[in-house]
Amino acid sequence: LLNINVGGKLFQIAIKVAARYPVTRLGKLALYTDPMKKLQLCDDYSVQKNEYFFDRDPSIFHYIFHFYRSGVLWIMDEMCPSNFVEEIEYWGIQMKYSQRCCWILFEEKQDELSEYLKIQRELEAELEPLDSAQQFEGKFLGRFRKMIWNLIENPYSSVPAKIIAVMSSFFVLISIVGMTLSTVEEMKQKTGKMWMEQLEMICAIFFTSEYIMRLISSSSFKNFLRAAFNAVDLVAILPFYIQILFENLDEADTLYHEELHKVENMSKLGKVLKLIKLMRIFRILKLARHSTGLRAFGFTMRQCYQQVCCLFLFIAMGVFTFSALMHSVEHDVPGTNFTSIPYAWWWAAVSLSTVGYGDTVPDTVLGRVVAFGCISFGIILNGMPISILYNKFSDYYAKLKAHENET
């Protein structure tokens with residue numbers, strides 16, 4: 001018999017049984033005759049008790065011990081996959097000796113663990129700042145840049161930093177409110193327009209100052225430009241300066257062009273300016289810098305992009321299928337709106353989303369049957385991914401909040 005002491009628990013295995021698996025650690029221990037080679041296989045040896053000591057996990061060795069007796073490696077559900085793989089590699093046993101059902105479940109658990117660890121790393125990277133306070137040591141104006149970095153990027157470092165974070169969110173909201181009020185007819189008058197322009201100028205000056213401070217405090221210009229939040233900040237301030245540039249160009253054009261050409265230029269310029277002004281709506285994305293909920297939402301969309309794409313694929317299939325069915329049963333009805341399949345797409349999309357505007361409705365019995373099928377399919381389709389997305393969002397939000405509190 002081989003007397004095996006694993007972590008303080010004694011096991012006895014027949015030498016003939018262990019020798020049936022010569023590539024394993026205990027098989028080699030049973031076959032070797034050189035005492036020095038045997039000592040290399042174990043952690044210690046007791047001459048008085050004739051025991052080979054192994055400083056390993058005795059709870060997992062129970063399954064190794066069972067393998068030598070039965071020839072089958074059992075895998076229990078409650079075991080950590082990484083720890084179990086490490087242990088069986090130490091004892092020189094391969095996964096091929098396990099039953100197929102155990103093997104499949106074990107691989108699924110390994111994949112779940114790998115996915116969990118991957119998400120944990122990405123969650124930590126989500127909250128990890130682009131730079132850290134240690135990166136400014138030994139650099140040009142390192143102390144000054146570190147002070148600015150704490151002021152802009154670390155709201156919990158001081159009271160002024162917290163005030164700047166609150167002011168940033170406040171100016172974003174004020175800017176969005178100003179953009180909304182500028183479309184009101186009463187605010188398009190001379191006085192209201194002047195107030196809106198001054199408000200836009202103040203917000204643009206604040207956003208520009210904030211962007212420049214972030215740029216100055218960045219330790220790597222390349223990483224600064226690659227960061228998504230910094231791209232949002234740039235989009236938030238560019239429309240103001242592009243608008244000023246176009247207005248100045250328009251004033252220069254009026255000095256050198258004829259009246260008809262000026263009107264055409266102003267018409268084209270007006271459309272461009274409207275598009276540029278519309279870009280200011282992206283300023284609301286700046287709130288995500290200080291909002292854990294918005295970060296969790298974006299993270300959920302990135303992690304669940306396959307489910308979301310699958311949902312859009314099902315919607316597209318439903319729209320094409322039910323619009324074709326509706327056109328085939330309704331196109332002969334006098335005065336129908338379903339004159340072609342593309343015209344029926346709007347009805348199918350509205351019905352699948354269960355909004356049901358009622359602007360286009362079927363007239364025949366078969367058409368109403370198709371409509372009922374479309375609405376029923378839409379209810380089932382809309383209910384499928386909601387629970388998955390919500391559960392993941394709440395899970396990611398809780399983890400982000402926990403990591404944020406730890407930081």
# chains A, B, ... in the order shown; residues from 1 in each chain; ligands from 1

$ select_by_dssp --residues "region 50-227 of chain A" --states "strand (DSSP E or B)" --output "short mmCIF file (atom, residue, chain, number, x, y, z; two decimals) with all heavy atoms, in the first residue's frame"
data_model
loop_
_atom_site.label_atom_id
_atom_site.label_comp_id
_atom_site.auth_asym_id
_atom_site.auth_seq_id
_atom_site.Cartn_x
_atom_site.Cartn_y
_atom_site.Cartn_z
N GLU A 51 5.03 7.37 5.18
CA GLU A 51 3.98 8.20 4.59
C GLU A 51 4.60 9.24 3.66
O GLU A 51 5.63 9.86 3.98
CB GLU A 51 3.19 8.95 5.68
CG GLU A 51 2.18 8.10 6.40
CD GLU A 51 1.42 8.91 7.43
OE1 GLU A 51 1.60 10.16 7.49
OE2 GLU A 51 0.64 8.30 8.18
N TYR A 52 3.96 9.42 2.53
CA TYR A 52 4.33 10.48 1.59
C TYR A 52 3.38 11.66 1.82
O TYR A 52 2.17 11.51 1.70
CB TYR A 52 4.24 9.99 0.14
CG TYR A 52 5.22 8.89 -0.18
CD1 TYR A 52 4.83 7.55 -0.08
CD2 TYR A 52 6.53 9.18 -0.57
CE1 TYR A 52 5.73 6.53 -0.37
CE2 TYR A 52 7.43 8.17 -0.86
CZ TYR A 52 7.03 6.84 -0.75
OH TYR A 52 7.92 5.84 -1.03
N PHE A 53 3.97 12.80 2.15
CA PHE A 53 3.15 13.97 2.48
C PHE A 53 3.04 14.90 1.29
O PHE A 53 4.03 15.21 0.62
CB PHE A 53 3.75 14.72 3.67
CG PHE A 53 2.98 15.95 4.04
CD1 PHE A 53 1.76 15.86 4.70
CD2 PHE A 53 3.45 17.22 3.68
CE1 PHE A 53 1.05 17.00 5.03
CE2 PHE A 53 2.73 18.35 4.00
CZ PHE A 53 1.53 18.24 4.68
N PHE A 54 1.79 15.37 1.02
CA PHE A 54 1.51 16.34 -0.05
C PHE A 54 0.74 17.51 0.56
O PHE A 54 -0.31 17.30 1.18
CB PHE A 54 0.67 15.70 -1.17
CG PHE A 54 1.37 14.58 -1.89
CD1 PHE A 54 1.27 13.28 -1.43
CD2 PHE A 54 2.12 14.85 -3.03
CE1 PHE A 54 1.90 12.26 -2.11
CE2 PHE A 54 2.76 13.82 -3.70
CZ PHE A 54 2.66 12.52 -3.24
N LEU A 73 -13.40 9.98 -13.06
CA LEU A 73 -13.17 11.24 -12.35
C LEU A 73 -14.50 11.98 -12.23
O LEU A 73 -15.07 12.43 -13.22
CB LEU A 73 -12.15 12.09 -13.11
CG LEU A 73 -11.81 13.45 -12.51
CD1 LEU A 73 -11.12 13.28 -11.15
CD2 LEU A 73 -10.91 14.25 -13.45
N SER A 98 -13.21 11.85 -16.99
CA SER A 98 -14.50 12.20 -16.39
C SER A 98 -15.64 11.81 -17.32
O SER A 98 -15.45 11.62 -18.53
CB SER A 98 -14.57 13.70 -16.09
OG SER A 98 -14.48 14.44 -17.28
#

$ residues_around --residues "Ser175 (chain A)" --least-positions-apart "6" --cutoff "10 Å" --atoms "only C-alpha atoms" --output "PyMOL selection string"
chain A and resi 169+181+196+199-204+236+280-281+283-284

$ write_last_selection --atoms "C-alpha atoms" --output "PDB file, in the first residue's frame"
ATOM      1  CA  SER A 169     -23.540  69.054 -14.643  1.00  0.00           C
ATOM      2  CA  LEU A 181     -36.044  77.613 -25.277  1.00  0.00           C
ATOM      3  CA  MET A 196     -29.982  82.945 -25.533  1.00  0.00           C
ATOM      4  CA  LEU A 199     -26.197  82.032 -22.307  1.00  0.00           C
ATOM      5  CA  GLU A 200     -24.695  79.902 -25.090  1.00  0.00           C
ATOM      6  CA  MET A 201     -21.487  81.926 -24.948  1.00  0.00           C
ATOM      7  CA  ILE A 202     -21.145  81.459 -21.164  1.00  0.00           C
ATOM      8  CA  CYS A 203     -21.717  77.706 -21.450  1.00  0.00           C
ATOM      9  CA  ALA A 204     -19.249  77.422 -24.346  1.00  0.00           C
ATOM     10  CA  ALA A 236     -19.999  69.756 -26.986  1.00  0.00           C
ATOM     11  CA  ARG A 280     -25.359  70.626 -29.143  1.00  0.00           C
ATOM     12  CA  ILE A 281     -27.821  67.952 -28.047  1.00  0.00           C
ATOM     13  CA  ARG A 283     -23.859  67.792 -24.520  1.00  0.00           C
ATOM     14  CA  ILE A 284     -26.290  65.769 -22.456  1.00  0.00           C
TER      15      ILE A 284
END

$ residues_around --residues "region 356-359 of chain A" --least-positions-apart "3" --cutoff "10 Å" --atoms "only C-alpha atoms" --output "number ranges by chain"
A: 337, 346-353, 362, 375

$ select_by_dssp --residues "region 38-192 of chain A" --states "alpha helix (DSSP H)" --output "ChimeraX atom specification"
/A:38-41,58-70,81-91,100-127,142-153,159-181,190-192

$ closest_residue --among "A:Lys9, A:Ser59, A:Ile341, A:Met326" --to "Val369 (chain A)" --atoms "only C-alpha atoms"
A:Met326

$ closest_residue --among "A:Gln243, A:Ser291, A:Asn150, A:Thr191" --to "Met213 (chain A)" --atoms "only C-alpha atoms"
A:Asn150

$ atom_distance --atom1 "CA of Ser114 (chain A)" --atom2 "CA of Phe297 (chain A)"
22.2 Å

$ closest_residue --among "A:Gln94, A:Asn3, A:Ser70, A:Ser323" --to "Ser46 (chain A)" --atoms "only C-alpha atoms"
A:Asn3

$ residues_around --residues "Arg20 (chain A)" --least-positions-apart "6" --cutoff "12 Å" --atoms "only C-alpha atoms" --output "list of chain:residue names"
A:Ile13, A:Ala14, A:Leu26, A:Gly27, A:Lys28, A:Leu29, A:Ala30, A:Leu31, A:Phe67, A:Tyr68, A:Arg69, A:Ser70, A:Gly71

$ write_last_selection --atoms "N, CA and C atoms" --output "PDB file, in the first residue's frame"
ATOM      1  N   ILE A  13      -3.621   3.705  -0.856  1.00  0.00           N
ATOM      2  CA  ILE A  13      -3.914   3.238  -2.218  1.00  0.00           C
ATOM      3  C   ILE A  13      -2.992   2.063  -2.518  1.00  0.00           C
ATOM      4  N   ALA A  14      -3.561   1.021  -3.081  1.00  0.00           N
ATOM      5  CA  ALA A  14      -2.746  -0.146  -3.457  1.00  0.00           C
ATOM      6  C   ALA A  14      -1.781   0.236  -4.565  1.00  0.00           C
ATOM      7  N   LEU A  26       0.885   9.779  -8.621  1.00  0.00           N
ATOM      8  CA  LEU A  26       0.877   8.606  -7.749  1.00  0.00           C
ATOM      9  C   LEU A  26       1.302   7.350  -8.506  1.00  0.00           C
ATOM     10  N   GLY A  27       1.018   7.311  -9.832  1.00  0.00           N
ATOM     11  CA  GLY A  27       1.479   6.178 -10.639  1.00  0.00           C
ATOM     12  C   GLY A  27       2.994   6.124 -10.702  1.00  0.00           C
ATOM     13  N   LYS A  28       3.615   7.305 -10.871  1.00  0.00           N
ATOM     14  CA  LYS A  28       5.078   7.366 -10.870  1.00  0.00           C
ATOM     15  C   LYS A  28       5.633   6.999  -9.496  1.00  0.00           C
ATOM     16  N   LEU A  29       4.919   7.438  -8.453  1.00  0.00           N
ATOM     17  CA  LEU A  29       5.368   7.122  -7.086  1.00  0.00           C
ATOM     18  C   LEU A  29       5.334   5.620  -6.839  1.00  0.00           C
ATOM     19  N   ALA A  30       4.363   4.932  -7.438  1.00  0.00           N
ATOM     20  CA  ALA A  30       4.257   3.490  -7.258  1.00  0.00           C
ATOM     21  C   ALA A  30       5.290   2.732  -8.087  1.00  0.00           C
ATOM     22  N   LEU A  31       5.686   3.285  -9.246  1.00  0.00           N
ATOM     23  CA  LEU A  31       6.584   2.574 -10.144  1.00  0.00           C
ATOM     24  C   LEU A  31       8.054   2.862  -9.893  1.00  0.00           C
ATOM     25  N   PHE A  67     -11.019   8.334  -8.175  1.00  0.00           N
ATOM     26  CA  PHE A  67     -10.622   8.031  -9.548  1.00  0.00           C
ATOM     27  C   PHE A  67      -9.717   6.794  -9.605  1.00  0.00           C
ATOM     28  N   TYR A  68      -8.758   6.695  -8.688  1.00  0.00           N
ATOM     29  CA  TYR A  68      -7.844   5.547  -8.698  1.00  0.00           C
ATOM     30  C   TYR A  68      -8.594   4.245  -8.386  1.00  0.00           C
ATOM     31  N   ARG A  69      -9.638   4.343  -7.596  1.00  0.00           N
ATOM     32  CA  ARG A  69     -10.373   3.123  -7.246  1.00  0.00           C
ATOM     33  C   ARG A  69     -11.371   2.708  -8.325  1.00  0.00           C
ATOM     34  N   SER A  70     -11.996   3.687  -8.996  1.00  0.00           N
ATOM     35  CA  SER A  70     -13.062   3.364  -9.953  1.00  0.00           C
ATOM     36  C   SER A  70     -12.689   3.621 -11.404  1.00  0.00           C
ATOM     37  N   GLY A  71     -11.656   4.440 -11.635  1.00  0.00           N
ATOM     38  CA  GLY A  71     -11.289   4.786 -13.009  1.00  0.00           C
ATOM     39  C   GLY A  71     -12.118   5.899 -13.601  1.00  0.00           C
TER      40      GLY A  71
END
